[in-house]
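Chemist: Pasting coords19.cif below, which is mmCIF, C-alpha atoms.
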```
data_model
loop_
_atom_site.label_atom_id
_atom_site.label_comp_id
_atom_site.auth_asym_id
_atom_site.auth_seq_id
_atom_site.Cartn_x
_atom_site.Cartn_y
_atom_site.Cartn_z
CA MET V 29 -7.77 16.88 22.47
CA ILE V 30 -4.50 14.96 22.63
CA HIS V 31 -4.24 12.01 25.02
CA THR V 32 -0.85 10.78 26.22
CA LEU V 33 0.57 7.56 27.63
CA VAL V 34 4.21 6.94 28.55
CA LEU V 35 5.56 3.41 28.30
CA ALA V 36 8.45 3.64 30.72
CA ASP V 37 10.11 0.28 30.12
CA THR V 38 10.60 -0.92 26.54
CA PRO V 39 13.65 -2.44 24.83
CA VAL V 40 14.30 1.00 23.29
CA GLY V 41 13.72 2.97 26.50
CA PRO V 42 10.70 5.07 27.37
CA LEU V 43 8.18 5.85 24.63
CA THR V 44 5.59 8.62 24.71
CA LEU V 45 2.42 7.73 22.79
CA GLN V 46 -0.21 10.28 21.79
CA ALA V 47 -3.68 9.86 20.30
CA ASP V 48 -6.48 12.14 19.26
CA ALA V 49 -10.08 11.45 18.27
CA LYS V 50 -8.95 9.95 14.92
CA GLY V 51 -6.28 7.57 16.22
CA LEU V 52 -2.64 7.23 17.21
CA CYS V 53 -0.90 10.40 16.06
CA ARG V 54 2.59 10.37 17.61
CA ILE V 55 5.25 8.20 19.22
CA ASP V 56 8.36 9.82 20.64
CA PHE V 57 11.45 8.17 22.06
CA GLY V 58 11.83 9.23 25.69
CA GLN V 59 9.35 10.53 28.21
CA ARG V 60 7.90 13.71 26.74
CA SER V 61 5.05 14.27 29.19
CA THR V 62 4.04 13.78 32.80
CA SER V 63 0.32 14.28 32.10
CA GLN V 64 -1.23 10.99 30.97
CA ASN V 65 -4.57 9.45 30.05
CA PRO V 66 -3.89 5.70 30.16
CA GLU V 67 -7.61 4.87 29.82
CA HIS V 68 -7.79 6.06 26.20
CA PRO V 69 -8.70 2.95 24.13
CA VAL V 70 -6.31 3.68 21.23
CA LEU V 71 -3.44 4.20 23.67
CA GLN V 72 -4.30 0.99 25.50
CA ALA V 73 -4.39 -0.93 22.20
CA ALA V 74 -1.11 0.65 21.07
CA ALA V 75 0.58 -0.20 24.38
CA SER V 76 -0.65 -3.80 24.18
CA GLN V 77 0.47 -4.22 20.57
CA LEU V 78 3.87 -2.63 21.21
CA GLU V 79 4.39 -5.01 24.15
CA ALA V 80 3.53 -7.97 21.89
CA TYR V 81 5.85 -6.61 19.15
CA PHE V 82 8.76 -6.26 21.57
CA ALA V 83 8.09 -9.81 22.84
CA GLY V 84 8.20 -11.16 19.26
CA ARG V 85 4.50 -12.10 19.23
CA LEU V 86 3.28 -9.39 16.84
CA LYS V 87 4.55 -8.74 13.33
CA GLN V 88 1.94 -6.29 12.04
CA PHE V 89 0.17 -3.54 13.95
CA ASP V 90 -3.57 -3.02 13.66
CA LEU V 91 -4.36 0.42 15.03
CA PRO V 92 -6.22 3.51 13.84
CA LEU V 93 -3.44 5.85 12.72
CA ALA V 94 -3.68 9.63 12.42
CA PRO V 95 -0.26 10.98 11.43
CA VAL V 96 -0.20 14.52 10.11
CA GLY V 97 2.03 15.41 7.18
CA THR V 98 2.14 16.63 3.61
CA ALA V 99 0.56 14.57 0.84
CA PHE V 100 4.01 13.30 -0.21
CA GLN V 101 4.97 12.40 3.38
CA GLU V 102 1.73 10.45 3.76
CA GLN V 103 2.46 8.57 0.50
CA VAL V 104 5.89 7.61 1.83
CA TRP V 105 4.49 6.57 5.21
CA ASN V 106 1.90 4.39 3.46
CA GLN V 107 4.73 2.71 1.54
CA LEU V 108 6.56 2.07 4.81
CA LEU V 109 3.50 0.22 6.08
CA ASN V 110 4.00 -2.24 3.19
CA ILE V 111 7.47 -3.32 4.36
CA PRO V 112 6.96 -6.68 6.08
CA TRP V 113 8.38 -7.51 9.50
CA GLY V 114 11.96 -8.70 9.22
CA GLN V 115 12.57 -7.09 5.82
CA THR V 116 14.09 -3.82 4.67
CA ARG V 117 13.79 -1.49 1.71
CA SER V 118 16.14 1.19 0.47
CA TYR V 119 15.15 4.81 0.01
CA GLY V 120 15.46 4.25 -3.76
CA GLU V 121 13.15 1.23 -3.65
CA ILE V 122 10.51 3.27 -1.85
CA ALA V 123 10.90 6.13 -4.35
CA ALA V 124 10.52 3.67 -7.23
CA ALA V 125 7.40 2.14 -5.62
CA LEU V 126 5.92 5.66 -5.53
CA GLY V 127 6.65 6.06 -9.24
CA LYS V 128 9.31 8.70 -8.48
CA PRO V 129 12.64 6.89 -8.96
CA GLY V 130 14.71 10.06 -8.55
CA ALA V 131 13.11 11.03 -5.24
CA SER V 132 15.17 8.93 -2.81
CA ARG V 133 16.41 12.05 -0.98
CA ALA V 134 12.83 13.34 -0.60
CA VAL V 135 11.83 9.89 0.67
CA GLY V 136 14.59 10.17 3.26
CA LEU V 137 13.28 13.54 4.42
CA ALA V 138 9.72 12.19 4.67
CA ASN V 139 11.02 9.14 6.50
CA ASN V 140 12.75 11.45 8.98
CA ARG V 141 9.43 13.24 9.67
CA ASN V 142 7.52 10.03 10.44
CA PRO V 143 5.59 10.78 13.65
CA LEU V 144 4.79 7.11 14.35
CA SER V 145 8.16 5.38 14.58
CA ILE V 146 8.00 1.62 15.06
CA ILE V 147 4.29 1.47 14.08
CA ILE V 148 5.06 3.02 10.67
CA PRO V 149 8.34 1.10 10.35
CA CYS V 150 10.86 3.71 9.22
CA HIS V 151 13.55 1.64 10.97
CA ARG V 152 13.21 -0.82 8.08
CA VAL V 153 14.52 1.73 5.57
CA ILE V 154 18.24 1.50 4.84
CA GLY V 155 20.75 2.78 2.32
CA SER V 156 21.08 1.08 -1.07
CA GLY V 157 24.23 -0.74 0.04
CA GLY V 158 22.61 -2.01 3.25
CA GLU V 159 24.08 0.77 5.42
CA LEU V 160 21.93 1.91 8.31
CA THR V 161 21.99 5.67 7.57
CA GLY V 162 20.09 7.74 10.16
CA TYR V 163 17.18 7.19 12.49
CA GLY V 164 15.21 9.72 14.53
CA GLY V 165 15.45 7.55 17.63
CA GLY V 166 19.18 7.05 17.15
CA LEU V 167 21.06 4.28 15.36
CA THR V 168 21.34 2.21 18.53
CA HIS V 169 17.54 1.99 18.65
CA LYS V 170 17.35 1.24 14.92
CA ILE V 171 19.77 -1.65 15.38
CA ARG V 172 17.76 -2.93 18.36
CA LEU V 173 14.50 -2.84 16.38
CA LEU V 174 16.05 -4.59 13.37
CA GLU V 175 17.56 -7.25 15.65
CA LEU V 176 14.15 -7.73 17.30
CA GLU V 177 12.93 -8.52 13.79
CA GLN V 178 15.73 -11.08 13.47
CA LEU V 179 17.79 -9.17 10.92
CA VAL V 180 21.53 -9.61 11.15
CA ILE V 181 23.62 -6.47 11.47
CA GLN V 182 27.24 -6.46 10.33
CA PRO V 183 29.03 -4.24 12.87
CA ALA V 184 31.37 -1.42 11.92
CA GLU V 185 33.56 1.05 13.77
CA LEU V 186 31.00 3.78 13.09
CA LEU V 187 27.33 2.85 13.64
CA GLU V 188 26.27 4.51 10.40
CA ARG V 189 28.66 2.20 8.54
CA ALA V 190 27.04 -0.91 10.00
CA ARG V 191 25.07 -2.87 7.42
CA VAL V 192 22.04 -5.05 7.34
CA ILE V 193 22.71 -8.48 5.94
CA ARG V 194 19.59 -9.04 3.89
CA LYS V 195 17.79 -12.33 4.17
CA PRO V 196 17.31 -14.19 0.92
CA ALA V 197 13.83 -13.56 -0.52
#
```
Output the structure of this file as structure tokens.

Modeler:
Amino acid sequence: MIHTLVLADTPVGPLTLQADAKGLCRIDFGQRSTSQNPEHPVLQAAASQLEAYFAGRLKQFDLPLAPVGTAFQEQVWNQLLNIPWGQTRSYGEIAAALGKPGASRAVGLANNRNPLSIIIPCHRVIGSGGELTGYGGGLTHKIRLLELEQLVIQPAELLERARVIRKPA
């Protein structure tokens, strides 16, 4: 059984959270349901941690996660979990970390299928030159999330040409 909770007011607009018996399985931008079960413990924990994240008090989530994907997608999503708050990685860096240096395009496709945006931080993945590339929630939301993590964005006429100014390591 899938349980749902809608967070109506976040810095990136409404979020629809879903959990099953194993853990948090989906986060969608926007309100995707009117039927809710706000008493579900995983959804309550996720809502609390997201609130702390948006307030700048939480830098790493600690939730039972249950995303569903292919073996390769799950490998990519696990790599995303290793990107620290306030840092970014390129698609190529993630591919190299997986031992598949030529798979940056496949990493991008897996990143696009991430069912747990924000929690599995696909917003922290950028192009090799620092460009923002795409984001399932829209580039405006990606910029907002990166700015919440205190990254500096160099504006451009087109959002996809904006760049992250990497912090020194």

Chemist: Any chance you could resolve the PyMOL selection byres ((chain V and resi 111-113) around 9) against this file and give the residues as a list in words?

Modeler: Lys87, Gln88, Gln107, Leu108, Leu109, Asn110, Gly114, Gln115, Thr116, Arg117, Pro149, Arg152, Val153 and Glu177 of chain V

Chemist: List the residues matched by the PyMOL selection byres ((chain V and resi 93) around 6) in the displayed structure as a list in words, ordered by chain and then by residue number.

Modeler: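 In the shown coordinates, the PyMOL selection byres ((chain V and resi 93) around 6) covers Gly51, Leu52, Leu91, Pro92 and Ala94 of chain V.
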
Chemist: Enter the distance from atom CA of V:His68 to atom CA of V:Leu33, in Å, rounded to one decimal.

Modeler: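 Atom-to-atom, atom CA of V:His68 and atom CA of V:Leu33 are spaced 8.6 Å apart.
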
Chemist: Which residues are near V:Ser156? Cut-off 9 Å, only C-alpha atoms, ignore same chain within fewer than 2 positions. Put them as a list in words.

Modeler: Arg117, Ser118, Tyr119, Gly120, Glu121, Ile154, Gly158 and Glu159 of chain V

Chemist: Quick check, in Å to one decimal: how far apart do atom CA of V:Gly155 and atom CA of V:Glu102 lie?

Modeler: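 Computed distance, atom CA of V:Gly155 to atom CA of V:Glu102, equals 20.6 Å.
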
Chemist: Find the spatial neighbours of V:Gln77, counting only C-alpha atoms, within a cut-off of 10 Å - ignore same-chain residues fewer than 4 positions away - and output them as a list of chain:residue names.

Modeler: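 Result of the neighbour search: V:Leu71, V:Gln72, V:Ala73, V:Tyr81, V:Phe82, V:Ala83, V:Arg85, V:Leu86, V:Lys87, V:Gln88, V:Phe89, V:Asp90, V:Leu91, V:Ile147.
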
Chemist: Given the file shown, determine the residues that the PyMOL selection byres ((chain V and resi 96-99) around 10) selects; report them as a list in words.

Modeler: Cys53, Arg54, Leu93, Ala94, Pro95, Phe100, Gln101, Glu102, Gln103, Val104, Trp105, Ala138, Arg141, Asn142, Pro143 and Leu144 of chain V

Chemist: Of the candidates V:Leu43, V:Ile30, V:Ile193, V:Ala49, which shows the shortest atom-to-atom distance to V:Ala75, using only C-alpha atoms?

Modeler: V:Leu43

Chemist: Would you please work out which residue, of V:Gly136, V:Pro129, V:Gly166, V:Gly157, is nearest to V:Phe57 when using all atoms listed in the file?

Modeler: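 Closest residue, counting all atoms listed in the file: V:Gly166.
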